[in-house]
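K.L.:
Contents of my_file.cif (mmCIF, C-alpha atoms) are below:
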```cif
data_model
loop_
_atom_site.label_atom_id
_atom_site.label_comp_id
_atom_site.auth_asym_id
_atom_site.auth_seq_id
_atom_site.Cartn_x
_atom_site.Cartn_y
_atom_site.Cartn_z
CA MET S 25 0.00 0.00 0.00
CA SER S 26 1.52 3.31 -1.00
CA VAL S 27 0.83 6.74 0.43
CA GLU S 28 0.88 10.02 -1.45
CA ILE S 29 3.24 12.67 -0.12
CA GLN S 30 4.06 16.21 -1.15
CA VAL S 31 7.51 17.42 -0.24
CA ARG S 32 9.40 20.53 -1.28
CA VAL S 33 13.02 19.56 -1.82
CA ASN S 34 15.59 22.27 -2.46
CA GLY S 35 12.77 24.60 -3.45
CA GLN S 36 11.18 22.17 -5.93
CA PRO S 37 7.76 20.69 -5.13
CA HIS S 38 7.51 16.92 -5.52
CA GLN S 39 4.46 14.69 -5.41
CA SER S 40 5.24 11.01 -4.94
CA HIS S 41 3.71 7.71 -3.95
CA VAL S 42 5.84 5.90 -1.37
CA GLU S 43 5.57 2.80 0.74
CA PRO S 44 5.10 3.96 4.35
CA ARG S 45 8.30 2.20 5.42
CA THR S 46 10.43 4.20 2.96
CA LEU S 47 13.08 6.14 4.85
CA LEU S 48 13.58 9.80 3.93
CA VAL S 49 17.19 9.14 2.92
CA HIS S 50 16.12 6.43 0.45
CA TYR S 51 13.36 8.66 -0.91
CA LEU S 52 15.86 11.44 -1.55
CA ARG S 53 18.49 9.19 -3.09
CA GLU S 54 16.46 6.61 -4.98
CA VAL S 55 13.22 8.36 -5.90
CA LEU S 56 14.55 11.89 -6.45
CA GLY S 57 18.08 10.89 -7.46
CA LEU S 58 19.70 13.24 -4.94
CA THR S 59 22.66 11.05 -4.01
CA GLY S 60 24.61 13.80 -2.25
CA THR S 61 22.99 12.70 1.01
CA HIS S 62 24.97 9.68 2.14
CA VAL S 63 23.90 6.49 3.86
CA GLY S 64 26.46 5.82 6.57
CA CYS S 65 25.74 3.81 9.69
CA GLU S 66 21.94 3.61 9.19
CA THR S 67 21.57 3.67 12.98
CA SER S 68 21.24 7.46 13.58
CA LEU S 69 24.76 7.71 14.98
CA CYS S 70 27.09 8.90 12.21
CA GLY S 71 25.23 11.91 10.78
CA ALA S 72 26.27 11.32 7.14
CA CYS S 73 22.59 11.39 6.12
CA THR S 74 21.89 14.76 7.81
CA VAL S 75 19.53 17.03 5.87
CA LEU S 76 17.52 20.09 6.88
CA LEU S 77 13.82 19.35 7.49
CA ASP S 78 11.95 22.64 7.77
CA GLY S 79 15.31 24.18 8.62
CA ARG S 80 16.24 21.73 11.39
CA ALA S 81 19.09 19.24 11.02
CA VAL S 82 17.78 15.67 11.10
CA LYS S 83 19.20 12.24 10.37
CA SER S 84 17.25 11.21 7.29
CA CYS S 85 17.88 7.50 7.96
CA THR S 86 15.65 7.83 11.04
CA VAL S 87 12.78 9.77 9.48
CA LEU S 88 10.10 8.16 7.33
CA ALA S 89 9.40 9.84 4.02
CA VAL S 90 5.73 10.02 5.06
CA GLN S 91 6.77 12.07 8.12
CA ALA S 92 8.16 14.68 5.71
CA ASP S 93 4.79 15.06 3.94
CA GLY S 94 4.09 18.78 3.65
CA ALA S 95 7.58 19.77 4.75
CA SER S 96 10.55 21.48 3.11
CA VAL S 97 13.79 19.57 2.82
CA THR S 98 17.21 20.99 1.99
CA THR S 99 19.94 18.55 0.97
CA ILE S 100 23.56 19.29 0.14
CA GLU S 101 22.46 19.82 -3.48
CA GLY S 102 20.30 22.73 -2.32
CA VAL S 103 22.64 24.39 0.17
CA SER S 104 24.10 26.74 -2.44
CA GLY S 105 20.57 28.00 -3.08
CA LEU S 106 20.10 29.15 0.53
CA ASN S 107 20.31 32.75 1.66
CA GLY S 108 23.83 34.07 1.87
CA SER S 109 25.13 32.05 -1.07
CA ASN S 110 24.65 34.71 -3.76
CA GLY S 111 24.37 31.97 -6.36
CA GLY S 112 27.83 30.53 -5.69
CA LEU S 113 29.00 28.24 -2.95
CA HIS S 114 27.34 28.68 0.43
CA PRO S 115 29.79 30.22 2.94
CA VAL S 116 29.90 26.88 4.78
CA GLN S 117 30.83 25.07 1.56
CA GLU S 118 33.42 27.74 0.87
CA GLY S 119 34.82 27.28 4.39
CA PHE S 120 35.23 23.52 3.87
CA TRP S 121 37.00 24.27 0.57
CA GLU S 122 39.29 26.98 1.94
CA LYS S 123 40.16 25.32 5.25
CA HIS S 124 40.49 21.74 3.94
CA GLY S 125 37.49 20.62 5.99
CA LEU S 126 37.32 17.31 4.16
CA GLN S 127 39.55 14.45 3.18
CA CYS S 128 37.47 11.61 1.70
CA GLY S 129 34.31 13.72 1.76
CA PHE S 130 31.88 11.04 2.90
CA CYS S 131 30.76 12.91 6.04
CA THR S 132 30.85 16.33 4.39
CA PRO S 133 27.23 16.70 3.19
CA GLY S 134 26.01 15.95 6.73
CA MET S 135 28.66 18.14 8.33
CA ILE S 136 27.68 21.04 6.09
CA CYS S 137 23.93 20.68 6.71
CA ALA S 138 24.48 20.51 10.50
CA SER S 139 26.77 23.57 10.29
CA VAL S 140 24.20 25.51 8.27
CA GLU S 141 21.61 24.94 11.01
CA LEU S 142 24.08 26.01 13.69
CA LEU S 143 25.04 29.27 11.96
CA GLY S 144 21.38 30.06 11.33
CA LYS S 145 20.69 29.90 15.08
CA ASN S 146 24.05 31.17 16.33
CA PRO S 147 25.97 33.34 13.85
CA ASN S 148 29.03 33.63 16.08
CA PRO S 149 29.60 30.26 17.76
CA SER S 150 32.55 29.51 20.02
CA GLU S 151 34.70 26.46 19.35
CA ALA S 152 32.86 24.61 22.14
CA GLU S 153 29.49 25.50 20.59
CA ILE S 154 30.63 24.24 17.17
CA ARG S 155 31.79 20.96 18.72
CA HIS S 156 28.45 20.62 20.58
CA ALA S 157 26.52 21.24 17.34
CA LEU S 158 28.58 18.70 15.34
CA HIS S 159 28.56 16.06 18.09
CA GLY S 160 26.22 13.93 15.98
CA ASN S 161 28.46 13.90 12.91
CA LEU S 162 31.36 11.50 12.70
CA CYS S 163 34.41 11.97 10.46
CA ARG S 164 36.46 8.80 10.06
CA CYS S 165 39.35 10.70 8.45
CA THR S 166 39.62 12.43 11.87
CA GLY S 167 39.51 15.85 10.29
CA TYR S 168 37.64 17.53 13.16
CA GLN S 169 40.12 20.36 13.70
CA LYS S 170 39.87 21.43 10.06
CA ILE S 171 36.09 21.10 10.18
CA ILE S 172 35.93 23.47 13.18
CA GLU S 173 38.13 25.93 11.28
CA SER S 174 35.85 25.62 8.24
CA VAL S 175 32.77 26.53 10.29
CA ARG S 176 34.57 29.48 11.91
CA TYR S 177 35.60 30.67 8.43
CA ALA S 178 31.96 30.44 7.32
CA ALA S 179 30.75 32.38 10.37
CA ALA S 180 33.21 35.20 9.66
CA LYS S 181 32.31 35.18 5.97
CA MET S 182 28.57 35.35 6.64
CA LYS S 183 29.11 38.32 8.95
CA THR S 184 30.98 40.32 6.30
CA ARG S 185 28.42 39.44 3.62
CA LYS S 186 25.60 40.72 5.79
CA ARG S 187 27.16 44.16 6.09
CA MET L 18 18.05 -1.66 6.66
CA ILE L 19 14.38 -0.76 6.46
CA PRO L 20 11.37 -1.58 8.61
CA ALA L 21 9.00 -4.44 7.84
CA PRO L 22 5.90 -3.27 5.96
CA PHE L 23 3.16 -1.60 7.99
CA GLU L 24 -0.04 0.33 7.51
CA TYR L 25 0.41 4.02 8.22
CA HIS L 26 -2.09 6.30 9.92
CA ALA L 27 -1.62 9.99 10.59
CA PRO L 28 -4.54 11.12 12.77
CA LYS L 29 -5.23 14.84 12.98
CA SER L 30 -6.74 14.80 16.48
CA LEU L 31 -6.18 13.03 19.78
CA GLU L 32 -9.71 11.54 19.57
CA GLU L 33 -8.93 10.03 16.17
CA ALA L 34 -5.61 8.66 17.47
CA LEU L 35 -7.37 7.05 20.44
CA ARG L 36 -9.99 5.49 18.15
CA LEU L 37 -7.25 4.00 15.96
CA LEU L 38 -5.46 2.70 19.03
CA ASP L 39 -8.67 1.08 20.31
CA ARG L 40 -9.30 -0.52 16.92
CA HIS L 41 -5.82 -1.94 16.34
CA GLY L 42 -4.85 -2.81 19.90
CA ASP L 43 -1.42 -4.29 20.43
CA GLU L 44 -0.83 -4.63 16.70
CA ALA L 45 -0.35 -0.85 16.63
CA LYS L 46 2.56 1.31 17.73
CA LEU L 47 2.47 5.03 18.36
CA LEU L 48 5.10 7.05 16.48
CA ALA L 49 6.17 10.29 18.19
CA GLY L 50 9.61 11.57 17.15
CA GLY L 51 10.60 8.10 15.97
CA HIS L 52 14.05 8.03 17.54
CA SER L 53 13.38 4.94 19.62
CA LEU L 54 10.72 3.20 17.54
CA LEU L 55 12.23 3.58 14.06
CA PRO L 56 15.66 2.18 15.03
CA MET L 57 13.88 -0.81 16.61
CA MET L 58 11.75 -1.29 13.49
CA LYS L 59 14.80 -1.08 11.23
CA LEU L 60 16.50 -3.79 13.29
CA ARG L 61 13.19 -5.75 13.14
CA LEU L 62 13.10 -5.82 16.92
CA ALA L 63 9.67 -4.29 16.42
CA ALA L 64 7.38 -5.01 13.49
CA PRO L 65 3.99 -3.43 14.23
CA ARG L 66 1.23 -3.99 11.66
CA PHE L 67 -0.05 -0.47 12.20
CA VAL L 68 1.90 2.71 12.89
CA ILE L 69 -0.07 5.64 14.26
CA ASP L 70 1.92 8.82 13.68
CA LEU L 71 1.21 11.45 16.35
CA GLY L 72 3.24 14.02 14.40
CA ARG L 73 0.15 15.55 12.76
CA LEU L 74 -1.74 16.13 16.02
CA LYS L 75 -2.20 19.72 16.97
CA GLY L 76 -1.87 20.75 20.57
CA LEU L 77 0.54 18.25 22.11
CA ASP L 78 3.57 20.46 21.59
CA TYR L 79 3.73 23.18 24.26
CA ILE L 80 5.54 24.36 27.38
CA ARG L 81 3.48 26.63 29.64
CA GLU L 82 3.22 27.67 33.26
CA GLU L 83 0.05 26.73 35.14
CA GLN L 84 -0.42 27.34 38.88
CA GLY L 85 3.21 27.00 39.90
CA MET L 86 3.72 23.97 37.67
CA ILE L 87 5.10 23.78 34.16
CA ALA L 88 2.99 21.71 31.80
CA ILE L 89 4.78 20.14 28.84
CA GLY L 90 2.99 18.52 25.92
CA ALA L 91 4.18 14.97 25.23
CA MET L 92 5.18 15.81 21.63
CA THR L 93 7.59 18.58 22.73
CA THR L 94 11.05 17.83 21.35
CA HIS L 95 14.26 17.56 23.37
CA ALA L 96 15.55 20.63 21.47
CA GLU L 97 12.50 22.66 22.53
CA ILE L 98 13.02 21.60 26.16
CA GLU L 99 16.75 22.33 25.97
CA ASN L 100 16.17 25.83 24.62
CA SER L 101 12.94 26.84 26.39
CA SER L 102 13.47 30.13 28.21
CA LEU L 103 10.60 29.24 30.59
CA LEU L 104 12.18 25.93 31.60
CA ARG L 105 15.66 27.41 31.78
CA ALA L 106 14.35 30.02 34.23
CA LYS L 107 11.93 27.89 36.27
CA CYS L 108 13.03 24.27 35.92
CA PRO L 109 16.55 24.25 34.47
CA LEU L 110 17.08 20.60 35.47
CA LEU L 111 14.87 19.46 32.60
CA SER L 112 16.69 21.67 30.05
CA GLU L 113 20.03 20.40 31.35
CA THR L 114 18.83 16.82 30.97
CA ALA L 115 17.49 17.39 27.44
CA ALA L 116 20.83 18.93 26.41
CA ALA L 117 22.58 15.71 27.49
CA ILE L 118 20.51 13.50 25.15
CA GLY L 119 22.08 12.17 21.93
CA ASP L 120 23.07 14.95 19.58
CA VAL L 121 21.52 17.97 17.84
CA GLN L 122 19.79 15.91 15.16
CA VAL L 123 18.33 13.48 17.69
CA ARG L 124 17.15 16.35 19.91
CA ASN L 125 15.47 18.00 16.92
CA ARG L 126 13.22 14.94 16.43
CA GLY L 127 12.97 13.00 19.69
CA THR L 128 10.15 13.91 22.08
CA LEU L 129 9.72 13.93 25.87
CA GLY L 130 6.59 11.78 25.71
CA GLY L 131 8.07 9.32 23.25
CA SER L 132 11.17 8.81 25.36
CA LEU L 133 9.23 8.36 28.61
CA ALA L 134 6.67 5.98 27.09
CA HIS L 135 9.49 3.90 25.60
CA ALA L 136 11.18 3.69 29.06
CA ASP L 137 14.61 2.65 27.90
CA PRO L 138 16.58 1.81 31.08
CA ALA L 139 19.45 3.99 29.80
CA ALA L 140 17.33 7.03 28.83
CA ASP L 141 18.16 10.36 30.50
CA TYR L 142 14.77 11.88 31.31
CA PRO L 143 13.56 9.26 33.81
CA ALA L 144 16.19 10.33 36.39
CA SER L 145 15.06 13.96 36.26
CA ILE L 146 11.37 13.14 36.01
CA LEU L 147 11.72 11.15 39.25
CA ALA L 148 13.80 13.81 41.01
CA LEU L 149 11.23 16.46 40.02
CA GLU L 150 8.32 14.28 41.21
CA ALA L 151 6.64 14.99 37.90
CA GLN L 152 3.05 14.09 37.08
CA MET L 153 2.23 12.13 33.96
CA THR L 154 -1.14 12.56 32.27
CA MET L 155 -2.52 9.77 30.11
CA ASN L 156 -5.57 9.89 27.88
CA SER L 157 -7.71 7.05 26.60
CA SER L 158 -11.16 6.82 25.08
CA MET L 159 -12.36 6.15 28.65
CA GLY L 160 -11.00 9.44 29.98
CA VAL L 161 -7.94 10.98 31.58
CA ARG L 162 -5.79 9.84 34.48
CA ALA L 163 -2.59 11.10 36.04
CA VAL L 164 0.10 9.21 37.94
CA ASP L 165 3.21 10.30 39.80
CA ALA L 166 6.54 9.68 38.14
CA ALA L 167 7.44 7.23 40.93
CA GLU L 168 4.57 4.96 39.81
CA PHE L 169 5.10 5.40 36.08
CA PHE L 170 8.14 3.23 35.41
CA LEU L 171 7.38 -0.44 36.03
CA ASP L 172 10.23 -2.33 34.40
CA MET L 173 12.54 -2.33 31.39
CA LEU L 174 10.56 -0.78 28.49
CA THR L 175 7.40 -1.07 30.59
CA THR L 176 5.33 1.74 32.06
CA GLN L 177 1.95 2.39 33.61
CA LEU L 178 0.53 3.03 30.12
CA ARG L 179 -2.30 0.59 29.41
CA PRO L 180 -3.36 -0.55 25.95
CA GLY L 181 -5.39 2.26 24.46
CA GLU L 182 -3.66 5.01 26.45
CA ILE L 183 -1.52 7.86 25.14
CA LEU L 184 0.84 9.86 27.36
CA THR L 185 -0.22 13.44 26.66
CA GLU L 186 1.30 15.75 29.27
CA ILE L 187 4.11 15.90 31.80
CA ARG L 188 3.94 18.42 34.66
CA VAL L 189 7.03 19.48 36.56
CA PRO L 190 7.27 21.97 39.44
CA ALA L 191 8.74 25.44 39.05
CA LEU L 192 11.79 25.38 41.31
CA GLY L 193 11.81 28.18 43.85
CA LYS L 194 14.60 30.08 45.58
CA GLY L 195 16.73 27.88 47.82
CA THR L 196 16.24 24.90 45.51
CA GLY L 197 19.01 23.62 43.28
CA ALA L 198 19.13 20.69 40.89
CA ALA L 199 21.62 19.01 38.60
CA TYR L 200 21.87 16.10 36.16
CA CYS L 201 25.25 14.34 35.91
CA LYS L 202 25.84 11.53 33.48
CA LEU L 203 28.40 9.00 32.37
CA SER L 204 27.71 8.67 28.63
CA GLN L 205 28.26 5.59 26.58
CA PRO L 206 30.69 7.20 24.12
CA ALA L 207 29.23 5.81 20.88
CA SER L 208 25.48 6.00 21.48
CA GLY L 209 25.38 8.78 24.08
CA TYR L 210 23.00 6.75 26.24
CA ALA L 211 23.52 6.93 30.01
CA VAL L 212 25.68 4.17 31.47
CA VAL L 213 24.75 5.99 34.66
CA GLY L 214 22.72 9.19 34.97
CA VAL L 215 21.80 10.90 38.24
CA ALA L 216 19.46 13.83 38.84
CA ALA L 217 19.48 15.49 42.26
CA ARG L 218 17.12 18.15 43.58
CA VAL L 219 17.72 19.73 46.97
CA THR L 220 16.10 22.53 48.93
CA LEU L 221 18.13 24.25 51.62
CA ALA L 222 16.42 25.81 54.64
CA ALA L 223 18.52 27.42 57.39
CA GLY L 224 21.59 25.69 55.95
CA LYS L 225 20.03 22.25 56.16
CA LEU L 226 18.85 19.83 53.47
CA ALA L 227 15.13 20.30 53.97
CA GLN L 228 13.97 18.48 50.85
CA ILE L 229 15.87 16.08 48.70
CA ALA L 230 15.07 13.85 45.74
CA VAL L 231 17.52 11.75 43.75
CA GLY L 232 16.64 9.90 40.55
CA VAL L 233 18.97 7.33 39.01
CA THR L 234 18.87 5.97 35.46
CA GLY L 235 21.04 3.50 33.55
CA VAL L 236 21.92 1.36 36.58
CA GLY L 237 18.96 -1.00 36.95
CA PRO L 238 16.26 -2.32 34.63
CA LYS L 239 14.23 0.80 35.40
CA ALA L 240 14.99 4.26 36.72
CA TYR L 241 14.47 4.61 40.48
CA ARG L 242 14.53 7.04 43.42
CA ALA L 243 17.67 6.53 45.51
CA VAL L 244 15.71 6.62 48.77
CA ASN L 245 18.67 5.39 50.83
CA VAL L 246 20.69 8.41 49.69
CA GLU L 247 17.79 10.73 50.42
CA ASP L 248 17.27 9.28 53.92
CA ALA L 249 20.96 9.69 54.73
CA LEU L 250 20.78 13.41 53.92
CA ARG L 251 17.35 14.69 54.93
CA GLY L 252 17.43 17.31 57.67
CA LYS L 253 21.22 17.40 57.87
CA LYS L 254 23.71 20.14 57.16
CA ALA L 255 25.31 19.63 53.76
CA SER L 256 29.04 18.99 53.81
CA GLU L 257 31.36 17.45 51.26
CA LYS L 258 31.90 14.46 53.57
CA LEU L 259 28.19 13.89 54.21
CA LEU L 260 27.31 14.05 50.50
CA ALA L 261 30.06 11.57 49.60
CA GLU L 262 28.98 9.16 52.34
CA ALA L 263 25.32 9.35 51.39
CA ALA L 264 26.15 8.86 47.70
CA ARG L 265 27.68 5.47 48.55
CA HIS L 266 24.09 4.16 48.92
CA ALA L 267 23.10 5.09 45.34
CA ALA L 268 22.82 1.51 44.04
CA ARG L 269 22.02 -0.20 47.34
CA GLY L 270 19.34 -2.85 46.90
CA VAL L 271 19.37 -2.49 43.13
CA GLU L 272 20.30 -5.35 40.85
CA ALA L 273 22.64 -3.48 38.51
CA LEU L 274 22.63 -4.29 34.80
CA ALA L 275 25.71 -5.71 33.14
CA ASP L 276 26.51 -5.42 29.44
CA LEU L 277 29.53 -4.95 27.22
CA HIS L 278 29.77 -1.29 28.20
CA ALA L 279 29.86 -1.75 31.97
CA SER L 280 29.80 -4.59 34.47
CA ALA L 281 27.29 -4.54 37.31
CA GLY L 282 30.04 -3.66 39.79
CA TYR L 283 31.30 -0.78 37.67
CA ARG L 284 27.77 0.56 37.21
CA SER L 285 27.15 0.48 40.98
CA GLU L 286 30.45 2.24 41.66
CA MET L 287 29.72 4.89 39.03
CA ALA L 288 26.23 5.36 40.48
CA ALA L 289 27.92 6.46 43.72
CA VAL L 290 30.40 8.74 41.93
CA PHE L 291 27.79 10.46 39.77
CA THR L 292 25.34 10.75 42.65
CA ARG L 293 28.02 12.59 44.66
CA ARG L 294 28.71 14.92 41.73
CA ALA L 295 25.02 15.63 41.14
CA LEU L 296 24.48 16.29 44.85
CA GLU L 297 27.46 18.65 45.07
CA ARG L 298 26.32 20.60 42.07
CA ALA L 299 22.68 20.75 43.23
CA VAL L 300 23.70 21.96 46.71
CA ALA L 301 26.01 24.61 45.23
CA ARG L 302 23.20 25.82 42.99
CA ALA L 303 20.70 25.84 45.88
CA ALA L 304 23.14 27.91 47.94
CA GLY L 305 23.73 30.22 44.99
CA THR L 306 27.48 29.73 45.22
CA LYS L 307 27.94 28.32 41.72
CA ALA L 308 25.94 28.27 38.52
#
```
Translate this structure into structure tokens?
P.N.:
Amino acid sequence: MSVEIQVRVNGQPHQSHVEPRTLLVHYLREVLGLTGTHVGCETSLCGACTVLLDGRAVKSCTVLAVQADGASVTTIEGVSGLNGSNGGLHPVQEGFWEKHGLQCGFCTPGMICASVELLGKNPNPSEAEIRHALHGNLCRCTGYQKIIESVRYAAAKMKTRKR
Amino acid sequence: MIPAPFEYHAPKSLEEALRLLDRHGDEAKLLAGGHSLLPMMKLRLAAPRFVIDLGRLKGLDYIREEQGMIAIGAMTTHAEIENSSLLRAKCPLLSETAAAIGDVQVRNRGTLGGSLAHADPAADYPASILALEAQMTMNSSMGVRAVDAAEFFLDMLTTQLRPGEILTEIRVPALGKGTGAAYCKLSQPASGYAVVGVAARVTLAAGKLAQIAVGVTGVGPKAYRAVNVEDALRGKKASEKLLAEAARHAARGVEALADLHASAGYRSEMAAVFTRRALERAVARAAGTKA
């Protein structure tokens, strides 16, 4: 038995029929073809599948697609379309580029989505606040120090762009 | 890793949810934030035929002050509890506990009611709910009833909730002047669950421990009040030595759990350590000497 859902993903409205047990991450990757969101641990620990659901960071392996009915989702593919990007890379993406915030890149989409939520709520986070906000995102290349620097770069960049 | 197939219902009102629950009985599971149920369904530890999603209900997501108590809707998320200015001012213990749960993404989805109804023995809230002597309100098609937190937790993953009942509201007291509380936790490093979690609430009057409540989670099959600790402290003048001695009783009479993260002996020892820490912090806060 399938259920009809309407979800706005990266600004685009989608109407789909899904099995109720379909996880949001599989809907995004397999139905919509947005493979930038990664499937990591599948047990809501690693954060690789983090997307923004109505602006809040969530682990899309632990949300049913039917729970996102009527909601707005932003995936890594849509981050550059968010406010503050001016059509190019989002400041958080730019920070990861400039500060070498990634090695293999597997955790990066989730890291970036979680960082975007943080900077939306707290434009000037301390190092401790960044670590608290990214506690649910694991990097197996152990690049945490560079990731913190990337987020700080983005915070500074967003401040100057606002002026 | 996906759940077994199920039939999905998304009721718009509490009445509709209760009707569905009555109709489908124990073949149905209630879905709140989904951060306990969905992982269990993905591992096929749970395979309900019907899932009743409470996420579309209006009116179970609130935090408001009512007659000296703070009423919290069961669908309120951990993030909302962590960041609520009302709770931070009037009952900071609950915000402190919510902030210790999982991570940002988990706190954005998981709910107070969902966590309490699930009653995981390593969940954080039960310690604080017990220390706050909270009241739990449950609705069914037969009506409404309320129980004290101390009666709510029956066993591992088992609560007072009867078939056909939905936990709808949790009421905690507004903490007055002279009262301090703290939640201290030993986290399992991978999952963030409490190996041991202790919530202490103390009220000082004329330098003495007039009221005291200690809730312990993670140690036994269900969260419990550490009454032996409370009895050793009540009416006495707080000192570092007294708190440490009383904390030794934290796991007395409790059959501690053992798993690959902690042996029963280690859990009992850590119960004493974290009880002492929670007591020290609660007393300091009650005295206004430390934040």
K.L.:
What residues come out when you apply the PyMOL selection byres ((chain L and resi 27-39) around 7) to this file, written as an mmCIF file with C-alpha atoms, in the frame of the given file?
P.N.:
```cif
data_model
loop_
_atom_site.group_PDB
_atom_site.id
_atom_site.type_symbol
_atom_site.label_atom_id
_atom_site.label_comp_id
_atom_site.auth_asym_id
_atom_site.auth_seq_id
_atom_site.Cartn_x
_atom_site.Cartn_y
_atom_site.Cartn_z
ATOM 1 C CA TYR L 25 0.410 4.020 8.220
ATOM 2 C CA HIS L 26 -2.090 6.300 9.920
ATOM 3 C CA ARG L 40 -9.300 -0.520 16.920
ATOM 4 C CA HIS L 41 -5.820 -1.940 16.340
ATOM 5 C CA GLY L 42 -4.850 -2.810 19.900
ATOM 6 C CA ALA L 45 -0.350 -0.850 16.630
ATOM 7 C CA ILE L 69 -0.070 5.640 14.260
ATOM 8 C CA ASP L 70 1.920 8.820 13.680
ATOM 9 C CA LEU L 71 1.210 11.450 16.350
ATOM 10 C CA ARG L 73 0.150 15.550 12.760
ATOM 11 C CA LEU L 74 -1.740 16.130 16.020
ATOM 12 C CA LYS L 75 -2.200 19.720 16.970
ATOM 13 C CA SER L 157 -7.710 7.050 26.600
ATOM 14 C CA SER L 158 -11.160 6.820 25.080
ATOM 15 C CA GLY L 181 -5.390 2.260 24.460
#
```
K.L.:
Please determine the contact residues of chain L with respect to chain S at a cut-off of 8 Å, counting all atoms listed in the file, and supply them as a PyMOL selection string.
P.N.:
chain L and resi 18-25+51-52+55-56+72+119-123+125-126+207-208
K.L.:
To test your reading of the syntax: which residues would the PyMOL selection byres ((chain S and resi 55) around 12) return for the file shown? Reply as a PyMOL selection string.
P.N.:
chain S and resi 33+38-43+46-54+56-59+89
K.L.:
Hey, can you check how far CA of Gly60 in chain S sits from CA of Thr98 in chain S?
P.N.:
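For CA of Gly60 in chain S relative to CA of Thr98 in chain S, the distance reads 11.2 Å.
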K.L.:
Which residue, L:Ala263, L:Val161, L:Val290, L:Ala240, has the smallest gap to Thr185 in chain L when you use all atoms listed in the file?
P.N.:
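When distances to Thr185 in chain L are compared using all atoms listed in the file, the smallest one comes from L:Val161.
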K.L.:
Could you jot down the CA of Ala301 in chain L to CA of Ala217 in chain L separation for me, Å, one decimal place?
P.N.:
11.6 Å
K.L.:
One decimal, Å: what's the distance from CA of Tyr241 in chain L over to CA of Ser145 in chain L, could you say?
P.N.:
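Straight-line distance from CA of Tyr241 in chain L to CA of Ser145 in chain L works out to 10.3 Å.
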K.L.:
Taking (23.5, 15.9, 56.6) in the file's coordinates as the center, which residues reach within 12 Å of it, counting only C-alpha atoms, put as number ranges by chain?
P.N.:
L: 219, 221, 224-229, 246-264, 296, 300
K.L.:
Please, could you write that set of residues out with C-alpha atoms as a PDB file, keeping the file's coordinate frame?
P.N.:
```pdb
ATOM      1  CA  VAL L 219      17.720  19.730  46.970  1.00  0.00           C
ATOM      2  CA  LEU L 221      18.130  24.250  51.620  1.00  0.00           C
ATOM      3  CA  GLY L 224      21.590  25.690  55.950  1.00  0.00           C
ATOM      4  CA  LYS L 225      20.030  22.250  56.160  1.00  0.00           C
ATOM      5  CA  LEU L 226      18.850  19.830  53.470  1.00  0.00           C
ATOM      6  CA  ALA L 227      15.130  20.300  53.970  1.00  0.00           C
ATOM      7  CA  GLN L 228      13.970  18.480  50.850  1.00  0.00           C
ATOM      8  CA  ILE L 229      15.870  16.080  48.700  1.00  0.00           C
ATOM      9  CA  VAL L 246      20.690   8.410  49.690  1.00  0.00           C
ATOM     10  CA  GLU L 247      17.790  10.730  50.420  1.00  0.00           C
ATOM     11  CA  ASP L 248      17.270   9.280  53.920  1.00  0.00           C
ATOM     12  CA  ALA L 249      20.960   9.690  54.730  1.00  0.00           C
ATOM     13  CA  LEU L 250      20.780  13.410  53.920  1.00  0.00           C
ATOM     14  CA  ARG L 251      17.350  14.690  54.930  1.00  0.00           C
ATOM     15  CA  GLY L 252      17.430  17.310  57.670  1.00  0.00           C
ATOM     16  CA  LYS L 253      21.220  17.400  57.870  1.00  0.00           C
ATOM     17  CA  LYS L 254      23.710  20.140  57.160  1.00  0.00           C
ATOM     18  CA  ALA L 255      25.310  19.630  53.760  1.00  0.00           C
ATOM     19  CA  SER L 256      29.040  18.990  53.810  1.00  0.00           C
ATOM     20  CA  GLU L 257      31.360  17.450  51.260  1.00  0.00           C
ATOM     21  CA  LYS L 258      31.900  14.460  53.570  1.00  0.00           C
ATOM     22  CA  LEU L 259      28.190  13.890  54.210  1.00  0.00           C
ATOM     23  CA  LEU L 260      27.310  14.050  50.500  1.00  0.00           C
ATOM     24  CA  ALA L 261      30.060  11.570  49.600  1.00  0.00           C
ATOM     25  CA  GLU L 262      28.980   9.160  52.340  1.00  0.00           C
ATOM     26  CA  ALA L 263      25.320   9.350  51.390  1.00  0.00           C
ATOM     27  CA  ALA L 264      26.150   8.860  47.700  1.00  0.00           C
ATOM     28  CA  LEU L 296      24.480  16.290  44.850  1.00  0.00           C
ATOM     29  CA  VAL L 300      23.700  21.960  46.710  1.00  0.00           C
TER      30      VAL L 300
END
```
K.L.:
Would you kindly translate the PyMOL selection byres ((chain L and resi 233) around 9) into the concrete residues it picks from this file, as a list in words?
P.N.:
Pro143, Ala144, Ser145, Leu147, Ala148, Val213, Gly214, Val215, Ala216, Ala217, Val231, Gly232, Thr234, Gly235, Val236, Gly237, Lys239, Ala240, Tyr241, Arg242, Ala243, Ala267, Ala268, Ala288 and Thr292 of chain L
K.L.:
Ranking S:Gln127, S:Asn146, S:Asn34, S:Gln117 by minimum distance to Ser174 in chain S and counting all atoms listed in the file, which one comes first?
P.N.:
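Among the listed residues, the smallest separation from Ser174 in chain S belongs to S:Gln117.
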K.L.:
I'd like to know which of S:Ala178, S:Ala152, S:Ala95, S:Cys73 is closest to Thr132 in chain S, using all atoms listed in the file.
P.N.:
S:Cys73
